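Engineer: Got a file for you: coords32.cif, mmCIF, C-alpha atoms and all ligand atoms.
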```cif
data_protein
loop_
_atom_site.label_atom_id
_atom_site.label_comp_id
_atom_site.auth_asym_id
_atom_site.auth_seq_id
_atom_site.Cartn_x
_atom_site.Cartn_y
_atom_site.Cartn_z
CA MET A 1 118.71 107.07 105.25
CA THR A 2 117.33 105.08 102.31
CA PRO A 3 120.25 104.28 99.97
CA VAL A 4 119.90 105.94 96.61
CA PRO A 5 120.24 103.37 93.81
CA ILE A 6 122.80 104.69 91.33
CA SER A 7 122.27 101.93 88.87
CA THR A 8 120.43 98.69 89.17
CA ASP A 9 122.72 97.32 86.45
CA ASN A 10 126.05 97.68 88.17
CA GLY A 11 124.73 97.42 91.74
CA HIS A 12 126.35 100.65 93.01
CA TYR A 13 124.59 102.48 95.85
CA LEU A 14 125.34 105.86 97.32
CA SER A 15 125.39 105.64 101.10
CA SER A 16 123.58 108.56 102.70
CA ASP A 17 124.78 107.60 106.17
CA PRO A 18 127.48 109.85 107.65
CA LEU A 19 129.34 106.84 109.09
CA ASP A 20 132.60 106.46 107.17
CA LEU A 21 132.65 102.80 106.15
CA LYS A 22 135.75 103.22 103.98
CA ALA A 23 137.81 104.61 106.84
CA LEU A 24 136.77 101.64 108.96
CA LYS A 25 137.78 99.31 106.13
CA LEU A 26 134.36 97.68 106.31
CA SER A 27 133.67 97.73 102.62
CA GLY A 28 135.22 96.01 99.67
CA ASP A 29 138.16 97.24 97.59
CA GLN A 30 135.95 98.05 94.65
CA ASP A 31 133.97 100.66 96.67
CA LYS A 32 134.68 104.25 95.59
CA ILE A 33 134.43 107.77 96.91
CA ASP A 34 132.46 109.80 94.40
CA ASN A 35 132.34 113.56 94.99
CA GLY A 36 132.94 112.93 98.68
CA ALA A 37 130.10 110.37 98.90
CA HIS A 38 130.76 106.73 99.50
CA GLN A 39 129.59 104.28 96.82
CA VAL A 40 129.10 100.72 97.99
CA VAL A 41 129.07 97.82 95.58
CA VAL A 42 126.78 94.82 95.74
CA ASN A 43 126.60 91.68 93.70
CA GLU A 44 123.59 89.36 93.61
CA ASP A 45 125.47 86.32 92.36
CA TYR A 46 124.51 82.88 93.62
CA ASN A 47 127.63 81.22 92.14
CA GLY A 48 129.83 81.94 95.12
CA ASN A 49 130.37 85.70 94.65
CA TYR A 50 127.35 87.20 96.48
CA LYS A 51 128.29 90.56 98.01
CA PHE A 52 126.15 92.58 100.44
CA ALA A 53 126.49 96.33 100.78
CA ALA A 54 128.89 96.86 103.69
CA ILE A 55 127.30 97.99 106.92
CA HIS A 56 128.33 99.25 110.33
CA GLU A 57 126.45 97.70 113.25
CA ALA A 58 125.64 101.21 114.46
CA GLN A 59 123.76 101.89 111.23
CA VAL A 60 121.38 99.02 112.03
CA SER A 61 120.91 100.23 115.60
CA ARG A 62 120.34 103.82 114.57
CA ALA A 63 117.95 102.86 111.76
CA MET A 64 115.71 101.04 114.28
CA ILE A 65 116.07 103.44 117.22
CA LYS A 66 115.38 106.54 115.17
CA ARG A 67 112.20 105.13 113.64
CA TYR A 68 110.88 103.50 116.81
CA TYR A 69 111.36 106.45 119.10
CA THR A 70 110.22 108.93 116.44
CA SER A 71 107.02 106.86 116.24
CA MET A 72 106.66 106.86 120.03
CA TYR A 73 107.22 110.61 120.11
CA ASP A 74 104.70 111.17 117.34
CA ARG A 75 102.07 108.81 118.79
CA ALA A 76 102.33 110.15 122.37
CA ILE A 77 99.27 112.03 121.13
CA SER A 78 97.09 109.91 118.89
CA ASP A 79 93.56 110.28 117.53
CA ILE A 80 92.53 106.70 118.24
CA VAL A 81 94.23 103.98 120.29
CA ILE A 82 93.18 100.38 119.68
CA ILE A 83 94.21 97.99 122.44
CA GLY A 84 94.65 94.43 121.16
CA ALA A 85 95.38 93.30 117.59
CA GLY A 86 93.11 90.26 117.44
CA SER A 87 90.40 89.83 114.81
CA ALA A 88 88.19 92.55 116.35
CA GLY A 89 90.98 95.08 116.89
CA LEU A 90 92.49 94.58 113.43
CA THR A 91 89.12 94.77 111.68
CA CYS A 92 88.40 97.97 113.57
CA ALA A 93 91.79 99.40 112.58
CA TYR A 94 91.15 98.56 108.91
CA GLU A 95 87.70 100.17 108.91
CA LEU A 96 88.98 103.28 110.64
CA ALA A 97 92.02 103.66 108.42
CA LYS A 98 89.86 103.29 105.32
CA ASN A 99 87.14 105.69 106.45
CA THR A 100 88.95 108.50 108.25
CA PRO A 101 91.15 111.24 106.79
CA PRO A 102 94.74 110.04 106.19
CA SER A 103 95.91 112.44 108.91
CA THR A 104 94.03 110.44 111.59
CA LYS A 105 96.64 108.83 113.83
CA ILE A 106 95.51 105.29 114.56
CA THR A 107 97.77 103.60 117.09
CA ILE A 108 97.51 99.89 117.91
CA ILE A 109 98.98 98.50 121.12
CA GLU A 110 99.43 94.73 121.15
CA ALA A 111 100.80 92.86 124.15
CA GLY A 112 102.02 89.87 122.15
CA VAL A 113 105.03 89.76 119.87
CA ALA A 114 102.79 88.34 117.13
CA PRO A 115 99.70 90.43 116.37
CA GLY A 116 96.58 88.43 115.47
CA GLY A 117 95.40 87.20 118.87
CA GLY A 118 93.40 84.01 118.53
CA ALA A 119 92.83 84.44 114.80
CA TRP A 120 95.79 82.37 113.58
CA LEU A 121 93.69 79.22 114.00
CA GLY A 122 90.04 78.23 114.12
CA GLY A 123 88.50 76.20 116.95
CA GLN A 124 90.52 73.72 119.02
CA LEU A 125 93.68 74.67 117.11
CA MET A 126 92.22 73.52 113.77
CA SER A 127 93.02 75.51 110.64
CA ALA A 128 89.73 76.47 109.02
CA MET A 129 88.04 79.74 109.96
CA ILE A 130 84.24 79.83 109.94
CA ILE A 131 82.48 83.13 109.31
CA ARG A 132 78.70 83.49 109.43
CA LYS A 133 76.89 85.59 106.89
CA PRO A 134 76.66 88.55 106.42
CA ALA A 135 80.17 89.16 107.84
CA ASP A 136 81.66 87.38 104.78
CA GLY A 137 81.40 90.71 102.94
CA PHE A 138 84.55 91.75 104.77
CA LEU A 139 86.45 88.82 103.22
CA THR A 140 85.42 90.03 99.79
CA THR A 141 86.59 93.54 100.69
CA LEU A 142 89.97 92.14 101.75
CA GLY A 143 90.23 89.75 98.79
CA VAL A 144 90.45 86.65 101.02
CA PRO A 145 89.15 83.55 99.18
CA PHE A 146 86.53 81.37 100.86
CA THR A 147 84.15 78.49 100.26
CA ASP A 148 80.46 79.38 100.39
CA GLU A 149 78.45 76.88 102.42
CA GLY A 150 75.14 78.74 102.22
CA ASN A 151 74.58 80.21 105.67
CA TYR A 152 78.30 80.47 106.44
CA VAL A 153 81.63 80.61 104.64
CA VAL A 154 84.97 78.89 105.30
CA VAL A 155 88.45 80.34 104.87
CA LYS A 156 90.77 77.37 104.32
CA HIS A 157 93.23 78.59 106.98
CA ALA A 158 92.62 81.28 109.59
CA ALA A 159 96.17 82.50 108.99
CA LEU A 160 95.17 83.49 105.44
CA PHE A 161 92.56 85.88 106.86
CA THR A 162 94.80 87.21 109.62
CA SER A 163 97.95 87.69 107.54
CA THR A 164 95.98 89.46 104.78
CA LEU A 165 94.17 91.73 107.23
CA LEU A 166 97.37 92.48 109.13
CA SER A 167 99.34 93.34 106.00
CA LYS A 168 96.57 95.65 104.78
CA VAL A 169 96.25 97.37 108.16
CA LEU A 170 100.01 97.93 108.40
CA SER A 171 100.13 99.29 104.84
CA PHE A 172 98.03 102.31 105.81
CA PRO A 173 100.56 105.12 106.42
CA ASN A 174 98.60 106.50 109.37
CA VAL A 175 98.49 103.18 111.29
CA THR A 176 101.27 102.52 113.80
CA LEU A 177 101.53 99.21 115.64
CA PHE A 178 103.52 98.82 118.83
CA ASN A 179 103.69 95.10 119.53
CA ALA A 180 105.25 93.46 122.58
CA THR A 181 103.72 96.45 124.40
CA ALA A 182 100.96 96.11 126.98
CA VAL A 183 98.36 98.55 128.19
CA GLU A 184 98.65 98.31 131.94
CA ASP A 185 96.38 101.18 132.98
CA LEU A 186 94.16 103.97 131.68
CA ILE A 187 94.44 107.74 131.88
CA VAL A 188 91.22 109.05 133.46
CA VAL A 189 90.52 112.80 133.69
CA PRO A 190 87.57 115.03 134.58
CA ASP A 191 85.20 114.97 131.60
CA PRO A 192 84.54 118.44 130.16
CA LEU A 193 81.45 116.99 128.46
CA ALA A 194 79.90 115.75 131.70
CA LYS A 195 76.87 117.54 132.99
CA GLY A 196 77.63 117.49 136.70
CA GLU A 197 78.10 114.24 138.59
CA THR A 198 77.10 111.43 136.20
CA GLU A 199 77.23 107.68 136.74
CA HIS A 200 80.89 107.89 135.73
CA SER A 201 81.58 110.59 138.36
CA GLY A 202 82.05 113.10 135.57
CA GLN A 203 85.25 111.50 134.30
CA ARG A 204 86.43 110.17 130.98
CA VAL A 205 89.14 107.91 129.66
CA ALA A 206 91.74 110.12 128.02
CA GLY A 207 94.50 107.70 127.11
CA VAL A 208 96.42 104.54 127.92
CA VAL A 209 99.34 103.69 130.17
CA THR A 210 101.81 101.34 128.49
CA ASN A 211 104.89 99.32 129.15
CA PHE A 212 106.89 96.73 127.28
CA THR A 213 105.02 93.49 127.93
CA LEU A 214 108.09 91.82 129.37
CA VAL A 215 108.31 94.66 131.89
CA SER A 216 104.56 94.47 132.64
CA LEU A 217 104.93 90.77 133.35
CA ASN A 218 107.79 91.40 135.76
CA HIS A 219 106.46 94.12 138.05
CA GLY A 220 106.75 91.66 140.90
CA THR A 221 110.54 91.41 140.48
CA GLN A 222 111.59 95.10 140.75
CA SER A 223 110.47 97.92 143.01
CA CYS A 224 109.27 100.26 140.27
CA MET A 225 109.35 100.08 136.49
CA ASP A 226 107.38 103.12 135.46
CA PRO A 227 105.24 103.14 132.34
CA ASN A 228 104.71 105.45 129.37
CA THR A 229 101.47 107.09 128.20
CA ILE A 230 99.56 107.76 125.01
CA THR A 231 96.87 110.46 125.07
CA ALA A 232 93.89 110.13 122.72
CA PRO A 233 90.25 111.25 122.63
CA VAL A 234 89.07 107.73 121.75
CA ILE A 235 90.31 104.39 123.07
CA ILE A 236 89.01 101.12 121.65
CA SER A 237 89.66 98.13 123.85
CA ALA A 238 89.61 94.80 122.00
CA THR A 239 91.69 92.68 124.36
CA GLY A 240 89.63 89.50 124.14
CA HIS A 241 88.25 87.46 126.98
CA ASP A 242 89.78 87.02 130.38
CA GLY A 243 93.22 85.44 130.41
CA PRO A 244 96.76 86.42 131.44
CA MET A 245 96.19 89.87 129.93
CA GLY A 246 92.77 89.68 128.25
CA ALA A 247 89.63 91.70 129.04
CA PHE A 248 92.02 94.28 130.34
CA CYS A 249 89.87 97.39 130.31
CA ALA A 250 86.77 95.53 131.50
CA LYS A 251 88.73 94.46 134.56
CA ARG A 252 90.34 97.86 135.00
CA LEU A 253 87.00 99.64 134.92
CA ALA A 254 85.74 97.22 137.51
CA SER A 255 88.63 98.03 139.83
CA ALA A 256 89.02 101.73 139.07
CA ALA A 257 88.29 104.23 141.80
CA THR A 258 86.80 106.52 139.21
CA GLY A 259 83.08 106.07 139.13
CA TRP A 260 80.32 103.57 139.36
CA ASP A 261 82.66 100.82 140.43
CA LYS A 262 84.81 102.18 143.22
CA PRO A 263 86.69 99.49 145.19
CA GLY A 264 84.41 98.21 147.86
CA SER A 265 81.37 99.42 145.96
CA THR A 266 78.54 96.97 145.82
CA LYS A 267 77.10 98.68 142.75
CA GLU A 268 76.60 96.52 139.71
CA HIS A 269 77.22 97.50 136.11
CA PRO A 270 74.67 100.26 135.34
CA ASP A 271 73.38 98.67 132.12
CA SER A 272 73.69 94.93 132.52
CA GLY A 273 73.78 94.43 136.27
CA ARG A 274 76.80 92.14 135.86
CA ARG A 275 80.39 92.53 134.84
CA HIS A 276 83.49 90.91 133.41
CA GLU A 277 82.25 87.37 133.30
CA MET A 278 81.74 85.80 129.88
CA ALA A 279 78.89 83.26 129.79
CA ALA A 280 78.86 79.77 128.24
CA LEU A 281 78.89 79.17 124.50
CA ASP A 282 75.79 79.85 122.39
CA MET A 283 76.77 80.86 118.84
CA ASN A 284 73.37 82.19 117.94
CA ARG A 285 72.97 84.51 120.87
CA ALA A 286 76.64 85.39 121.26
CA GLU A 287 77.62 86.93 117.96
CA ALA A 288 74.72 89.34 117.45
CA ASN A 289 74.85 90.32 121.13
CA VAL A 290 78.55 91.16 120.95
CA VAL A 291 77.98 93.28 117.84
CA ASN A 292 74.89 95.01 119.22
CA LYS A 293 76.53 95.76 122.57
CA THR A 294 79.72 97.13 120.96
CA ARG A 295 79.65 100.75 122.06
CA GLU A 296 81.21 103.52 124.15
CA VAL A 297 80.92 101.91 127.60
CA TYR A 298 82.59 104.75 129.44
CA PRO A 299 83.21 108.25 128.12
CA GLY A 300 86.09 107.91 125.69
CA LEU A 301 86.29 104.10 125.89
CA ILE A 302 84.72 101.72 123.36
CA PHE A 303 84.69 97.94 123.81
CA ALA A 304 84.91 95.57 120.83
CA GLY A 305 85.13 91.81 120.30
CA MET A 306 85.12 89.36 123.16
CA GLU A 307 85.83 92.05 125.69
CA VAL A 308 82.19 93.07 125.17
CA ALA A 309 81.11 89.57 126.22
CA GLU A 310 83.31 89.75 129.31
CA TYR A 311 81.96 93.14 130.22
CA GLU A 312 78.33 92.32 129.61
CA GLY A 313 78.29 88.71 130.75
CA LEU A 314 77.28 87.61 127.24
CA ASN A 315 77.61 84.13 125.83
CA ARG A 316 80.80 83.18 124.03
CA MET A 317 80.52 82.04 120.41
CA GLY A 318 83.44 79.68 120.09
CA PRO A 319 85.32 79.46 116.78
CA THR A 320 83.14 81.61 114.53
CA PHE A 321 84.55 85.02 113.68
CA GLY A 322 81.79 87.03 112.00
CA GLY A 323 80.90 88.64 115.32
CA MET A 324 84.50 89.84 115.75
CA ILE A 325 84.53 91.38 112.26
CA ALA A 326 81.15 93.08 112.68
CA SER A 327 82.04 94.24 116.20
CA GLY A 328 85.30 95.72 114.91
CA MET A 329 83.37 97.52 112.19
CA LYS A 330 80.83 98.86 114.64
CA ALA A 331 83.60 100.04 116.99
CA ALA A 332 85.14 101.93 114.08
CA HIS A 333 81.76 103.54 113.38
CA GLU A 334 81.30 104.50 117.05
CA ALA A 335 84.81 105.95 117.18
CA ARG A 336 84.14 108.11 114.13
CA LYS A 337 80.92 109.38 115.70
CA ILE A 338 82.83 110.52 118.80
CA LEU A 339 85.63 112.14 116.80
CA GLU A 340 83.11 114.00 114.67
CA SER A 341 81.26 115.37 117.70
CA VAL A 342 84.05 116.61 119.98
CA GLN A 343 86.62 119.36 119.96
CA VAL A 344 90.15 118.06 120.58
CA VAL A 345 93.21 120.06 121.58
CA GLU A 346 96.54 118.25 121.80
CA GLY A 347 94.76 114.93 122.03
CA ARG A 348 92.39 115.99 124.84
CA VAL A 349 88.65 116.38 124.45
CA VAL A 350 87.87 119.98 125.48
CA GLY A 351 84.24 120.32 124.48
CA ARG A 352 81.55 119.46 121.97
CA LYS A 353 81.56 120.73 118.41
CA VAL A 354 78.92 123.36 117.90
O1 LIG B 401 97.54 89.73 123.09
C1 LIG B 401 96.15 89.99 123.09
C2 LIG B 401 95.46 89.62 121.77
O2 LIG B 401 96.33 89.73 120.67
C3 LIG B 401 95.86 91.49 123.15
N1 LIG B 401 95.88 92.04 124.53
C4 LIG B 401 95.28 91.51 125.63
N2 LIG B 401 95.50 92.28 126.71
C5 LIG B 401 96.25 93.33 126.28
C6 LIG B 401 96.80 94.48 126.92
N3 LIG B 401 97.53 95.35 126.17
C7 LIG B 401 97.71 95.13 124.83
N4 LIG B 401 96.61 94.72 128.22
C8 LIG B 401 96.48 93.18 124.89
N5 LIG B 401 97.20 94.05 124.17
O3 LIG B 401 94.52 91.61 122.67
C9 LIG B 401 94.35 90.67 121.63
C10 LIG B 401 92.94 90.07 121.77
O4 LIG B 401 92.72 89.24 120.67
P1 LIG B 401 91.72 88.00 120.78
O5 LIG B 401 91.83 87.25 119.50
O6 LIG B 401 91.96 87.27 122.05
O7 LIG B 401 90.27 88.75 120.97
P2 LIG B 401 89.14 89.16 119.91
O8 LIG B 401 88.05 89.73 120.73
O9 LIG B 401 89.71 89.99 118.77
O10 LIG B 401 88.71 87.76 119.28
C11 LIG B 401 88.17 86.79 120.11
C12 LIG B 401 88.06 85.51 119.31
C13 LIG B 401 87.16 84.52 119.94
S1 LIG B 401 87.31 83.98 121.53
C14 LIG B 401 85.97 82.96 121.36
C15 LIG B 401 85.48 82.10 122.46
O11 LIG B 401 86.23 81.95 123.46
O12 LIG B 401 84.36 81.61 122.35
N6 LIG B 401 85.46 83.02 120.14
C16 LIG B 401 86.10 83.90 119.34
C17 LIG B 401 85.71 84.13 117.92
#
```
Rewrite the structure of this file - the entire thing - as structure tokens.
Structural biologist:
Amino acid sequence: MTPVPISTDNGHYLSSDPLDLKALKLSGDQDKIDNGAHQVVVNEDYNGNYKFAAIHEAQVSRAMIKRYYTSMYDRAISDIVIIGAGSAGLTCAYELAKNTPPSTKITIIEAGVAPGGGAWLGGQLMSAMIIRKPADGFLTTLGVPFTDEGNYVVVKHAALFTSTLLSKVLSFPNVTLFNATAVEDLIVVPDPLAKGETEHSGQRVAGVVTNFTLVSLNHGTQSCMDPNTITAPVIISATGHDGPMGAFCAKRLASAATGWDKPGSTKEHPDSGRRHEMAALDMNRAEANVVNKTREVYPGLIFAGMEVAEYEGLNRMGPTFGGMIASGMKAAHEARKILESVQVVEGRVVGRKV
């Protein structure tokens, strides 16, 4: 549907849309029919004679609907789903997109209208973003300018980091972002890789259950507003710490009747002995711990960013973002390891590679 420029000099475009604008008298008198095709005329004149190419409202609707639902159709089976487009999720998406074959379908689900999570500002709503070394290497990779303060660096405004990262992530052709869309549950299936009854009851996470966020927030007002699903062999949850929607998968694992943490179970988290409760701020312990504990916490499910702290009961770090970047990078690395080791058919893990 992209209009074909006939000439940039005279501003004539050939409409490829079957809607007959001429018949509807939507376009100007100077428009022509050329070999049966409709030429629309534009004029970029700021002296009172600016003329847009004529358009039918249905063209706008169809242009959006076709692309959105084609994307949904295509991404119903993805290679990797990243939940949450904060600093950890976006860094992870960037690393994956850069280091996987271009055919790898990376799908980001973000509950908010504006991707970026808490990374539009630094601490206490102030502008500067502090990043501890060595995570500053990522800024150099992105081309984000910073001031070097020795043991840490400062980006003059967090929005400079986030907007640059976001634009680079979205420029990768294999990355699709669905914003204003919430993950409200997980798909959990018997794990073909499990050797008998494991601590996860031989099950694995095989996808996400989604809904438009506005619908998710209003389940209490209607009897049933059913969700949609995306199947994928690897899910990366980077939904931040507990909040209206945050720490989503950490909380869901805790309440799922699928394994170590059945409702009513008194069992604690198998590794840490605690769960979904971030501890008080200690920058020095927090950041390295979050990075080092970033891993596949449940077959098919990787945690990154502050969700790791929620899950493990680690300290929070406050407004210093190196841990989010490094955690995102590690999550990308862990995801690649899984993808390289399993056989996948139609988005489902069916066995190990031999
Ligand atoms: O909207 C959320 C945000 O953009 C999104 N999200 C949460 N629940 C979701 C769900 N479905 C889809 N169910 C969901 N999206 O996840 C994103 C999380 O971004 P964030 O910036 O909150 O988390 P992060 O881990 O990338 O970065 C944390 C930054 C923090 S918090 C902190 C402290 O409190 O000490 N310090 C740092 C650096």
Engineer: Name each residue within 6 Å of ligand LIG 401 (chain B), counting only C-alpha atoms and all ligand atoms, as number ranges by chain.
Structural biologist: A: 83-89, 109-112, 115-119, 182-184, 238-240, 245-246, 248, 305-307, 316-321, 324
Engineer: Which is closer to Ile82 (chain A) than all the others in A:Asn99, A:Asn211, A:Thr176, A:Asn315, using only C-alpha atoms?
Structural biologist: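 Closest residue, counting only C-alpha atoms: A:Thr176.
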Engineer: Quick one: residues within 9 Å of Leu19 (chain A), only C-alpha atoms counted, chain neighbours fewer than 5 positions away excluded, as a compact mmCIF listing (two decimals) with C-alpha atoms, in the coordinates of the input?
Structural biologist:
```txt
# COMPACT_ATOMS: atom_id res chain seq x y z
CA HIS A 56 128.33 99.25 110.33
CA ALA A 58 125.64 101.21 114.46
CA GLN A 59 123.76 101.89 111.23
```
Engineer: How many Å lie between CA of Val175 (chain A) and CA of Ile106 (chain A), rounded to one decimal?
Structural biologist: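 Atom-to-atom, CA of Val175 (chain A) and CA of Ile106 (chain A) are spaced 4.9 Å apart.
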Engineer: So which residues touch region 131-141 of chain A within 10 Å, counting only C-alpha atoms, skipping near sequence neighbours fewer than 3 positions away, as a list in words?
Structural biologist: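 My list of contacting residues is Thr91, Glu95, Ala128, Val144, Pro145, Phe146, Asp148, Glu149, Gly150, Asn151, Tyr152, Val153, Val154, Val155, Phe161, Thr164, Leu165, Met283, Glu287, Pro319, Thr320, Phe321, Gly322, Gly323, Met324, Ile325, Ala326, Ser327 and Met329 of chain A.
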Engineer: Closest to Val113 (chain A) among A:Tyr46, A:Tyr311, A:Phe303, A:Phe178, using all atoms listed in the file?
Structural biologist: A:Phe178
Engineer: With distances taken over all atoms listed in the file, which of A:Thr162, A:Ser237, A:Asn43, A:Ser103 is nearest to Cys249 (chain A)?
Structural biologist: A:Ser237
Engineer: Determine the nearest neighbour of Gly300 (chain A) from the options A:Ile338, A:Leu160, A:Ile108, A:Ala194, counting all atoms listed in the file.
Structural biologist: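 Among A:Ile338, A:Leu160, A:Ile108, A:Ala194, it is A:Ile338 that comes nearest to Gly300 (chain A).
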